[in-house]
Amino acid sequence: MGIVSENMLLYSRHEPFVSLKTFCVMPEENQNQKPIQTPEQADPKYKETLLLYNEQNGAVEAVSDLKQSGNQYKVTTTQPLTANKPAFYELRNSSAVAAFIKGFMSQENAKPFHFLKVAADKASEVTQSLLRLADNPKDPEGLKALYDHRVTSYQLEKVKFDTPDLKLQELKEMGIIVTPKELEAMKHGLPTTDLHDVTLKIGNIPVAGQFALHPYKDMNGDVQVGLTSALPRPEFEREEYRMMFSTSEKEQLLAGKTPDRLYELPNPHTGEKEWCFATLNPATNRLVTIPKNEVPDLRYFNGVRLDDTQQNELALGGRVFVEGCSMRGSDITYSGKVGFDVLSNEYKMTDYQFSRPYISPQLDKQLDDRQRTALLSPEGLDCSKEKEHPILGKNGKALNCILRIDPRSNGVVYDFSQQRRQEQQEKQEQKAEKAQEQAPDQGQGRGRKR
């Protein structure tokens, strides 16, 4: 458990959060409770680099330098061998690399090339997998390496905090173990949901609490990492917010959704009020806000151009109905409501409507012909009866619900009503049995009143 001195308390809206500018200690009794640690924190010498893959001839090179001169973009490479690791390019500034890749790929002779982001220690291993594609363009191992590591300018533009700036070793000294999922959220400026046990030393009194990691830029533009304390009740229940959110909006916040309007809220670091999108972090019970001026205007969504009315509605924090989106590799088109989502920091579609019955690839690959036919039928597929060929959910466990196509949306719905009725019936039967066991023996006569 980390110990943080009193003089390092800062304030986020109304509750303190801790800045990592002090020495902390972790007692030995917590050493055996470490979660899975991200490699970037486990290895102090961790380094990310780039590979350049030529799809045309199958060649793979390790990038050693990126140079731009006007409209000319030059990539210097070396052999992706472990011995050449010191010469590998170090990826430390995602926005600069994003700009370079965008310019490089705009050149006419750049079409066969792909950039891949890899750990420097894994460059040789990933290269060997990619080289398999030269003999077989559909090699599973080669395609997996390509899809897992390929990086685009769009992906890099979404990185708000680069790994070297996130003080992972300082967190490690505090006994705070960062997981891979948590690091991805931090890099993209998204709310983290992992809570860490930390004790604040206020004077001579240790005060224990749970905190979530929160990277931000201070007044000087330097990256800092704060520890945001968890609240016992949702922040919107405080007096100053009670009249701000309607009952339906509070329900949306509790569900992790972003209501369809903007709110004027104080910046958690400067205190200045600004119009924001808002939702609730379920792990900390705190409001999470993104200023509207930090969200790019949306003109196209999945290839569909938005008209002026739709763009204006989105600019006010609302949602709009978008139709005619195309699905890659399919003749199915889809429509739905588009709005900004704070927890993912991007515009998302909900309430999908498909042009014809649609089964997602993740689900479809689990189905055999009989199961697929059953799912498309009005009765649906009863997964509770699929003992020999179970259908797995996202958590890897067998589903017990009924899968069917919703005629209104043409999408798959997961119907748990039968399962809930069965569980409710079992509870009632258990309750009846328990009541019967506790009931007095009705066969015994009552004594006469005296």
# chains A, B, ... in the order shown; residues from 1 in each chain; ligands from 1

$ closest_atom_pairs --of "region 118-229 of chain A" --to "region 327-346 of chain A" --cutoff "9 Å" --atoms "only C-alpha atoms" --output "Markdown table"
| residue | atom | partner | partner_atom | distance |
| --- | --- | --- | --- | --- |
| A:Ala185 | CA | A:Ser344 | CA | 8.8 |
| A:His188 | CA | A:Asn345 | CA | 8.4 |
| A:Gly189 | CA | A:Asn345 | CA | 8.2 |
| A:Leu190 | CA | A:Leu343 | CA | 6.2 |
| A:Pro191 | CA | A:Leu343 | CA | 6.5 |

$ residues_around --residues "region 393-395 of chain A" --least-positions-apart "2" --cutoff "12 Å" --atoms "only C-alpha atoms" --output "list in words"
Gln362, Leu363, Gln366, Cys383, Pro390, Ile391, Lys397, Ala398, Leu399, Asn400, Cys401, Leu403 and Tyr414 of chain A

$ closest_atom_pairs --of "region 248-288 of chain A" --to "region 209-219 of chain A" --cutoff "9 Å" --atoms "only C-alpha atoms" --output "CSV"
residue,atom,partner,partner_atom,distance
A:His269,CA,A:Asp218,CA,7.6
A:Thr270,CA,A:Met219,CA,8.1
A:Ala283,CA,A:Ala212,CA,8.0
A:Thr284,CA,A:Ala212,CA,7.2

$ residues_around --residues "His149 (chain A)" --least-positions-apart "5" --cutoff "9 Å" --atoms "only C-alpha atoms" --output "number ranges by chain"
A: 115-118, 126, 144

$ write_last_selection --atoms "C-alpha atoms" --output "mmCIF file, in the first residue's frame"
data_model
loop_
_atom_site.group_PDB
_atom_site.id
_atom_site.type_symbol
_atom_site.label_atom_id
_atom_site.label_comp_id
_atom_site.auth_asym_id
_atom_site.auth_seq_id
_atom_site.Cartn_x
_atom_site.Cartn_y
_atom_site.Cartn_z
ATOM 1 C CA PHE A 115 3.854 0.337 -40.436
ATOM 2 C CA LEU A 116 3.736 -2.000 -37.433
ATOM 3 C CA LYS A 117 4.184 -1.003 -33.789
ATOM 4 C CA VAL A 118 6.068 -3.621 -31.747
ATOM 5 C CA VAL A 126 7.133 -10.578 -35.261
ATOM 6 C CA LYS A 144 -2.348 -12.387 -36.945
#

$ residues_around --residues "region 130-137 of chain A" --least-positions-apart "2" --cutoff "10 Å" --atoms "only C-alpha atoms" --output "number ranges by chain"
A: 53, 55-60, 124-128, 139-146
